[in-house]
Every structure is written in C-alpha cells, then in structure tokens.
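The file coords.csv contains CSV, C-alpha atoms:
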chain,number,residue,atom,x,y,z
A,2,TYR,CA,-121.9,49.8,196.8
A,3,GLU,CA,-122.3,52.9,198.9
A,4,VAL,CA,-121.8,52.3,202.6
A,5,THR,CA,-122.6,54.8,205.5
A,6,ALA,CA,-120.6,54.6,208.7
A,7,ASN,CA,-122.2,56.2,211.8
A,8,LEU,CA,-120.1,56.8,214.9
A,9,ASN,CA,-121.2,55.8,218.3
A,10,GLU,CA,-122.3,58.4,220.8
A,11,ASN,CA,-119.6,60.7,222.2
A,12,TYR,CA,-117.4,60.1,219.0
A,13,VAL,CA,-116.7,62.3,216.0
A,14,PHE,CA,-114.5,62.2,212.9
A,15,SER,CA,-111.6,64.6,212.6
A,16,ASP,CA,-113.8,67.0,210.7
A,17,GLY,CA,-116.4,67.0,213.4
A,18,SER,CA,-118.9,64.9,211.6
A,19,THR,CA,-120.5,61.8,213.1
A,20,SER,CA,-121.1,59.8,209.9
A,21,ALA,CA,-119.3,59.2,206.6
A,22,LYS,CA,-120.1,57.6,203.3
A,23,PHE,CA,-117.8,55.1,201.4
A,24,THR,CA,-118.1,53.5,198.0
A,25,CYS,CA,-117.1,49.8,198.1
A,26,THR,CA,-116.6,47.3,195.2
A,27,ILE,CA,-117.0,43.5,195.4
A,28,LYS,CA,-114.9,42.1,192.7
A,29,ARG,CA,-116.1,39.2,190.5
A,30,GLN,CA,-114.5,35.8,190.8
A,31,LEU,CA,-112.5,35.0,187.6
A,32,THR,CA,-113.2,31.9,185.5
A,33,ALA,CA,-110.5,29.5,184.8
A,34,THR,CA,-111.1,29.3,181.0
A,35,THR,CA,-113.4,30.4,178.2
A,36,GLY,CA,-113.8,26.9,176.7
A,37,SER,CA,-113.1,26.0,173.1
A,38,CYS,CA,-114.6,24.6,169.9
A,39,GLN,CA,-115.2,20.9,169.6
A,40,ASP,CA,-114.0,18.6,166.8
A,41,VAL,CA,-117.3,17.5,165.3
A,42,THR,CA,-118.4,16.2,161.9
A,43,TYR,CA,-121.9,16.1,160.4
A,44,ASN,CA,-123.8,12.9,161.5
A,45,GLY,CA,-127.4,13.9,160.8
A,46,GLY,CA,-128.1,14.8,164.5
A,47,GLU,CA,-127.7,17.8,166.8
A,48,GLN,CA,-124.2,18.2,168.2
A,49,VAL,CA,-122.4,20.4,170.8
A,50,ILE,CA,-119.9,22.5,168.9
A,51,ALA,CA,-118.1,24.2,171.8
A,52,GLY,CA,-117.5,23.3,175.5
A,53,GLY,CA,-115.3,23.5,178.5
A,54,GLY,CA,-114.5,26.4,180.8
A,55,SER,CA,-115.8,26.9,184.3
A,56,ASN,CA,-118.6,29.1,185.7
A,57,VAL,CA,-119.9,29.8,182.2
A,58,THR,CA,-122.9,29.0,180.0
A,59,TYR,CA,-123.1,28.7,176.2
A,60,SER,CA,-125.6,30.0,173.6
A,61,ASN,CA,-126.0,29.0,170.0
A,62,ASN,CA,-124.0,26.0,170.8
A,63,LEU,CA,-126.1,23.1,169.4
A,64,LYS,CA,-126.0,22.6,165.6
A,65,THR,CA,-127.0,20.0,163.1
A,66,ASP,CA,-125.9,21.1,159.6
A,67,ALA,CA,-122.3,21.6,158.6
A,68,GLY,CA,-121.1,25.2,158.7
A,69,THR,CA,-119.3,27.8,160.8
A,70,TYR,CA,-121.1,29.4,163.6
A,71,THR,CA,-120.6,32.1,166.3
A,72,VAL,CA,-121.0,30.7,169.8
A,73,THR,CA,-121.4,33.0,172.8
A,74,ILE,CA,-119.9,32.2,176.2
A,75,ASN,CA,-121.4,34.0,179.1
A,76,ALA,CA,-119.9,34.2,182.6
A,77,ASN,CA,-122.2,33.2,185.4
A,78,SER,CA,-123.6,35.7,187.8
A,79,ASN,CA,-120.8,37.3,189.9
A,80,TYR,CA,-118.1,35.9,187.6
A,81,ALA,CA,-115.9,37.4,184.9
A,82,PHE,CA,-113.1,36.5,182.6
A,83,SER,CA,-109.5,37.5,183.1
A,84,ASP,CA,-110.0,40.8,181.3
A,85,ASN,CA,-113.1,41.5,183.5
A,86,ALA,CA,-115.4,40.9,180.5
A,87,THR,CA,-118.5,38.8,181.1
A,88,SER,CA,-119.1,37.6,177.6
A,89,LYS,CA,-116.9,36.0,174.9
A,90,THR,CA,-117.5,34.6,171.4
A,91,LEU,CA,-116.0,31.6,169.5
A,92,SER,CA,-116.1,30.9,165.8
A,93,CYS,CA,-116.7,27.1,165.6
A,94,THR,CA,-117.1,24.8,162.7
A,95,LEU,CA,-119.2,21.6,162.3
A,96,SER,CA,-117.3,19.9,159.5
A,97,LYS,CA,-118.8,18.3,156.4
A,98,LYS,CA,-118.8,14.5,156.2
A,99,SER,CA,-116.3,13.2,153.6
A,100,VAL,CA,-117.5,10.5,151.2
A,101,ALA,CA,-115.2,8.8,148.6
A,102,VAL,CA,-116.2,8.6,144.9
A,103,SER,CA,-116.3,5.2,143.3
A,104,TRP,CA,-115.3,5.4,139.6
A,105,GLY,CA,-116.2,2.9,136.9
A,106,SER,CA,-113.3,0.8,135.5
A,107,THR,CA,-113.9,2.0,131.9
A,108,THR,CA,-111.8,5.1,131.1
A,109,THR,CA,-111.1,4.6,127.4
A,110,PHE,CA,-113.8,5.3,124.9
A,111,THR,CA,-114.2,5.6,121.1
A,112,TYR,CA,-115.8,8.6,119.5
A,113,ASN,CA,-119.5,8.0,118.8
A,114,GLY,CA,-120.9,11.5,118.5
A,115,GLY,CA,-122.4,11.5,122.0
A,116,ALA,CA,-121.3,12.5,125.5
A,117,GLN,CA,-119.1,9.9,127.2
A,118,GLY,CA,-117.1,9.5,130.4
A,119,PRO,CA,-116.4,7.1,133.3
A,120,THR,CA,-119.3,6.4,135.6
A,121,ALA,CA,-119.2,7.8,139.1
A,122,GLY,CA,-121.1,6.9,142.3
A,123,ALA,CA,-120.7,7.2,146.1
A,124,THR,CA,-121.8,5.3,149.2
A,125,SER,CA,-124.8,6.6,151.0
A,126,GLY,CA,-124.3,9.4,153.5
A,127,VAL,CA,-125.4,9.2,157.1
A,128,SER,CA,-128.3,6.9,158.0
A,129,GLY,CA,-131.4,7.7,155.9
A,130,GLU,CA,-129.6,9.9,153.4
A,131,THR,CA,-128.7,9.0,149.8
A,132,LEU,CA,-126.2,11.0,147.8
A,133,ASN,CA,-127.0,11.6,144.1
A,134,ILE,CA,-123.8,11.9,142.1
A,135,THR,CA,-123.2,13.6,138.7
A,136,ARG,CA,-120.0,13.9,136.7
A,137,THR,CA,-118.7,15.8,133.7
A,138,THR,CA,-118.3,14.2,130.3
A,139,ALA,CA,-116.9,14.9,126.8
A,140,THR,CA,-117.9,14.3,123.2
A,141,ASN,CA,-115.0,14.9,120.9
A,142,ALA,CA,-111.8,12.8,120.7
A,143,GLY,CA,-109.2,13.8,123.2
A,144,SER,CA,-107.9,13.5,126.8
A,145,TYR,CA,-110.1,14.7,129.6
A,146,THR,CA,-110.6,14.8,133.4
A,147,SER,CA,-114.1,14.0,134.7
A,148,THR,CA,-115.2,15.8,137.9
A,149,ALA,CA,-117.8,14.3,140.1
A,150,SER,CA,-120.1,16.4,142.3
A,151,ILE,CA,-123.2,16.0,144.5
A,152,SER,CA,-126.3,17.0,142.6
A,153,SER,CA,-128.6,16.5,145.6
A,154,VAL,CA,-129.3,14.4,148.7
A,155,THR,CA,-132.4,12.4,149.2
A,156,GLY,CA,-133.8,11.8,152.7
A,157,GLY,CA,-132.8,13.2,156.1
A,158,ARG,CA,-131.7,16.8,156.1
A,159,ALA,CA,-131.6,16.7,152.2
A,160,ASN,CA,-128.7,19.1,152.2
A,161,LYS,CA,-125.8,18.5,149.9
A,162,ASN,CA,-123.7,21.1,151.7
A,163,ASN,CA,-123.3,18.6,154.6
A,164,TYR,CA,-121.0,16.5,152.5
A,165,THR,CA,-117.7,16.8,150.6
A,166,LEU,CA,-116.4,14.3,148.1
A,167,THR,CA,-112.9,12.8,148.0
A,168,GLY,CA,-111.2,11.4,144.9
A,169,ASN,CA,-113.7,13.3,142.8
A,170,THR,CA,-111.6,13.5,139.6
A,171,LYS,CA,-110.8,10.8,137.0
A,172,ALA,CA,-108.8,11.0,133.8
A,173,PHE,CA,-110.3,9.4,130.7
A,174,THR,CA,-109.7,9.3,126.9
A,175,ILE,CA,-111.9,9.4,123.9
A,176,ASN,CA,-110.1,7.9,120.9
A,177,LYS,CA,-110.7,8.8,117.3
A,178,VAL,CA,-112.9,6.4,115.4
A,179,THR,CA,-111.5,4.3,112.6
A,180,PRO,CA,-114.0,4.9,109.8
A,181,THR,CA,-115.3,2.4,107.3
A,182,ILE,CA,-116.9,3.2,103.9
A,183,THR,CA,-119.4,1.3,101.8
A,184,LEU,CA,-119.6,2.5,98.1
A,185,SER,CA,-122.8,2.1,96.2
A,186,ALA,CA,-122.9,3.7,92.8
A,187,THR,CA,-125.3,3.4,89.9
A,188,SER,CA,-122.8,4.7,87.5
A,189,GLY,CA,-119.2,5.9,87.2
A,190,SER,CA,-115.7,4.8,86.2
A,191,VAL,CA,-112.4,4.0,88.0
A,192,ASN,CA,-109.0,3.9,86.4
A,193,VAL,CA,-107.7,0.4,87.1
A,194,ASP,CA,-104.1,1.7,87.5
A,195,SER,CA,-105.1,4.0,90.4
A,196,THR,CA,-105.7,3.6,94.1
A,197,ILE,CA,-108.7,5.1,95.7
A,198,THR,CA,-108.6,5.6,99.5
A,199,PHE,CA,-111.7,6.6,101.4
A,200,THR,CA,-111.8,7.7,105.0
A,201,GLU,CA,-115.4,8.4,105.8
A,202,LYS,CA,-117.9,6.7,108.1
A,203,ALA,CA,-120.9,6.5,105.8
A,204,SER,CA,-122.7,4.6,103.1
A,205,ILE,CA,-122.4,6.7,100.0
A,206,ALA,CA,-124.6,6.5,97.0
A,207,GLY,CA,-124.0,8.5,93.8
A,208,ASN,CA,-121.9,8.9,90.7
A,209,PHE,CA,-118.1,8.4,91.0
A,210,SER,CA,-115.2,8.8,88.5
A,211,ASN,CA,-111.5,8.9,88.8
A,212,VAL,CA,-109.0,10.9,86.8
A,213,SER,CA,-106.3,8.7,85.4
A,214,GLY,CA,-103.3,8.6,87.6
A,215,ALA,CA,-105.1,10.2,90.6
A,216,THR,CA,-105.5,8.5,94.0
Output the file's structure in the form of structure tokens.
Amino acid sequence: YEVTANLNENYVFSDGSTSAKFTCTIKRQLTATTGSCQDVTYNGGEQVIAGGGSNVTYSNNLKTDAGTYTVTINANSNYAFSDNATSKTLSCTLSKKSVAVSWGSTTTFTYNGGAQGPTAGATSGVSGETLNITRTTATNAGSYTSTASISSVTGGRANKNNYTLTGNTKAFTINKVTPTITLSATSGSVNVDSTITFTEKASIAGNFSNVSGAT
C-alpha cells in the first residue's frame, strides 16, 4: 500500500518538505500444511479424495469413479503457503475395487473339437452392480492358462473400469482323445496272419484289403 505522511504545523523534513510517501506491505499469514490425498476405494458413491491443511479450500475434490485426478488447493484470502504461493495441486487416486475370481473345479478336459476351459465367475461388485465375467479358452490338446476379465458391469455406474480382478488366471489341460473305430465294409480281404491297427475316430465304410505280411 502507498501511505502519505503529513507533518504537523511548524515541522518539516530534512529536505524541507512537509509530506512524504511510503510503500508498505502487509504480509500474508502462512498456512500450516497443504493437505494430502486420501486413501479411498470405489464404493459407488461420491468421495472426498484429498483433505487436511489449514486456511485452505479444495476444488475438484469430490469423485465417484476410480481414476487419478488433479486436485487444486487454494489458500484463503490473506493467506499463502510457505513459498508465498496461493495455490497448489495434488495428483490423487480413487482406487479400483478388487474382486476375487471364482474358478470352476474342472481343469482337465478331453479334446472334442470345440473350445473348452474352466468356468469363471465373481461376486457382485458394490450394491446394485453385477460383474459379467468372461475367460479365455482353447480347442486343441495341450496345456494352457485361462485368463478372466470383466466384460461389462450391469447396474449402478455400469463402468468396468471401477474394478480390478484378483486371482484372474487358471491353468488347465486338454488331453488328446483316445480314438475308436468301427469298420463297415461291403467287400474286401484281410490276411489272417496280419495285424491291422486303426487309430481314427470315425465310422468308415468302403472297400478294404491288406497286403500279406503288412500291419
């Protein structure tokens, strides 16, 4: 502020003037702290993600969905932070809700030509929200790992990004099939001294013959 000092009658300053101007500053009161992010997890409702400090107000501080947000902390009128700034920001996270996957007990299968794998499910999310679970499968014989994921959420916020799955992988095996064969022939010949071995899952009709001594 600019202040003017006027001398009383019969007084002068050393330079002969009777008034003088001064610039004065009123310093701001410092705040004790800027506050901090809160430890919050998605619950379907609005939550405060940052708090604390003194002589401050917050903006962008109430959130519902999981994610990371920038919160602004403003010093109240006539206050400042220790570096004389009047505004600070925090990067705060509203964490996803963890839900455990429930796997089916069957983890060994036999090849059947179709996609197979253990079943997977999960308990419902927060009140009013149902998690829809999908998982990876396999077709050919071999050893695999099935991975479960959230395909969608029904009800409430209907946002699958508010959740994370735990225990979302399961090992499983598809064994090779042991084939059987049924022969049906209208004509043909087989050498009685030979052995014929068939490894095919089918019912085969047609003409068959065997070369003597072959198997």
Anything within 12 Å of (-117.5, 40.8, 179.5): list those residues as a PyMOL selection string, counting only C-alpha atoms and sticking to the file's coordinates. chain A and resi 29+31-32+35+57+73-90
Show me, as a tab-separated table, the residues of segment 88-136 of chain A having an atom within 8 Å of segment 144-162 of chain A, each with the closest atom pair and its distance in Å, using all atoms listed in the file.
residue	atom	partner	partner_atom	distance
A:Lys97	CA	A:Asn162	CA	7.3
A:Val102	CA	A:Ala149	CA	7.6
A:Gly118	CA	A:Ser147	CA	6.9
A:Pro119	CA	A:Ser147	CA	7.4
A:Ala121	CA	A:Ala149	CA	6.7
A:Ser128	CA	A:Gly157	CA	8.0
A:Gly129	CA	A:Gly157	CA	5.7
A:Glu130	CA	A:Gly156	CA	4.7
A:Thr131	CA	A:Thr155	CA	5.1
A:Leu132	CA	A:Val154	CA	4.7
A:Asn133	CA	A:Ser153	CA	5.4
A:Ile134	CA	A:Ile151	CA	4.8
A:Thr135	CA	A:Ser150	CA	5.5
A:Arg136	CA	A:Ala149	CA	4.1
Next, write the just-selected residues to a file, as a PDB file, in the coordinates of the input, keeping C-alpha atoms as the atom set.
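The resulting file, part_12.pdb, is reproduced below:
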ATOM      1  CA  LYS A  97    -118.800  18.300 156.400  1.00  0.00           C
ATOM      2  CA  VAL A 102    -116.200   8.600 144.900  1.00  0.00           C
ATOM      3  CA  GLY A 118    -117.100   9.500 130.400  1.00  0.00           C
ATOM      4  CA  PRO A 119    -116.400   7.100 133.300  1.00  0.00           C
ATOM      5  CA  ALA A 121    -119.200   7.800 139.100  1.00  0.00           C
ATOM      6  CA  SER A 128    -128.300   6.900 158.000  1.00  0.00           C
ATOM      7  CA  GLY A 129    -131.400   7.700 155.900  1.00  0.00           C
ATOM      8  CA  GLU A 130    -129.600   9.900 153.400  1.00  0.00           C
ATOM      9  CA  THR A 131    -128.700   9.000 149.800  1.00  0.00           C
ATOM     10  CA  LEU A 132    -126.200  11.000 147.800  1.00  0.00           C
ATOM     11  CA  ASN A 133    -127.000  11.600 144.100  1.00  0.00           C
ATOM     12  CA  ILE A 134    -123.800  11.900 142.100  1.00  0.00           C
ATOM     13  CA  THR A 135    -123.200  13.600 138.700  1.00  0.00           C
ATOM     14  CA  ARG A 136    -120.000  13.900 136.700  1.00  0.00           C
TER      15      ARG A 136
END
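Nearest residue to Thr71 of chain A, choosing from A:Ala21, A:Leu8, A:Ile175, A:Ile50 and counting all atoms listed in the file: A:Ile50.
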Atom CA of Tyr2 of chain A and atom CA of Thr58 of chain A are how many Å apart? 26.8 Å
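Excluding Thr109 of chain A itself and same-chain residues fewer than 2 positions from it, the residues having an atom within 8 Å of it are Thr107, Thr111, Phe173, Thr174, Ile175 and Asn176 of chain A, counting all atoms listed in the file.
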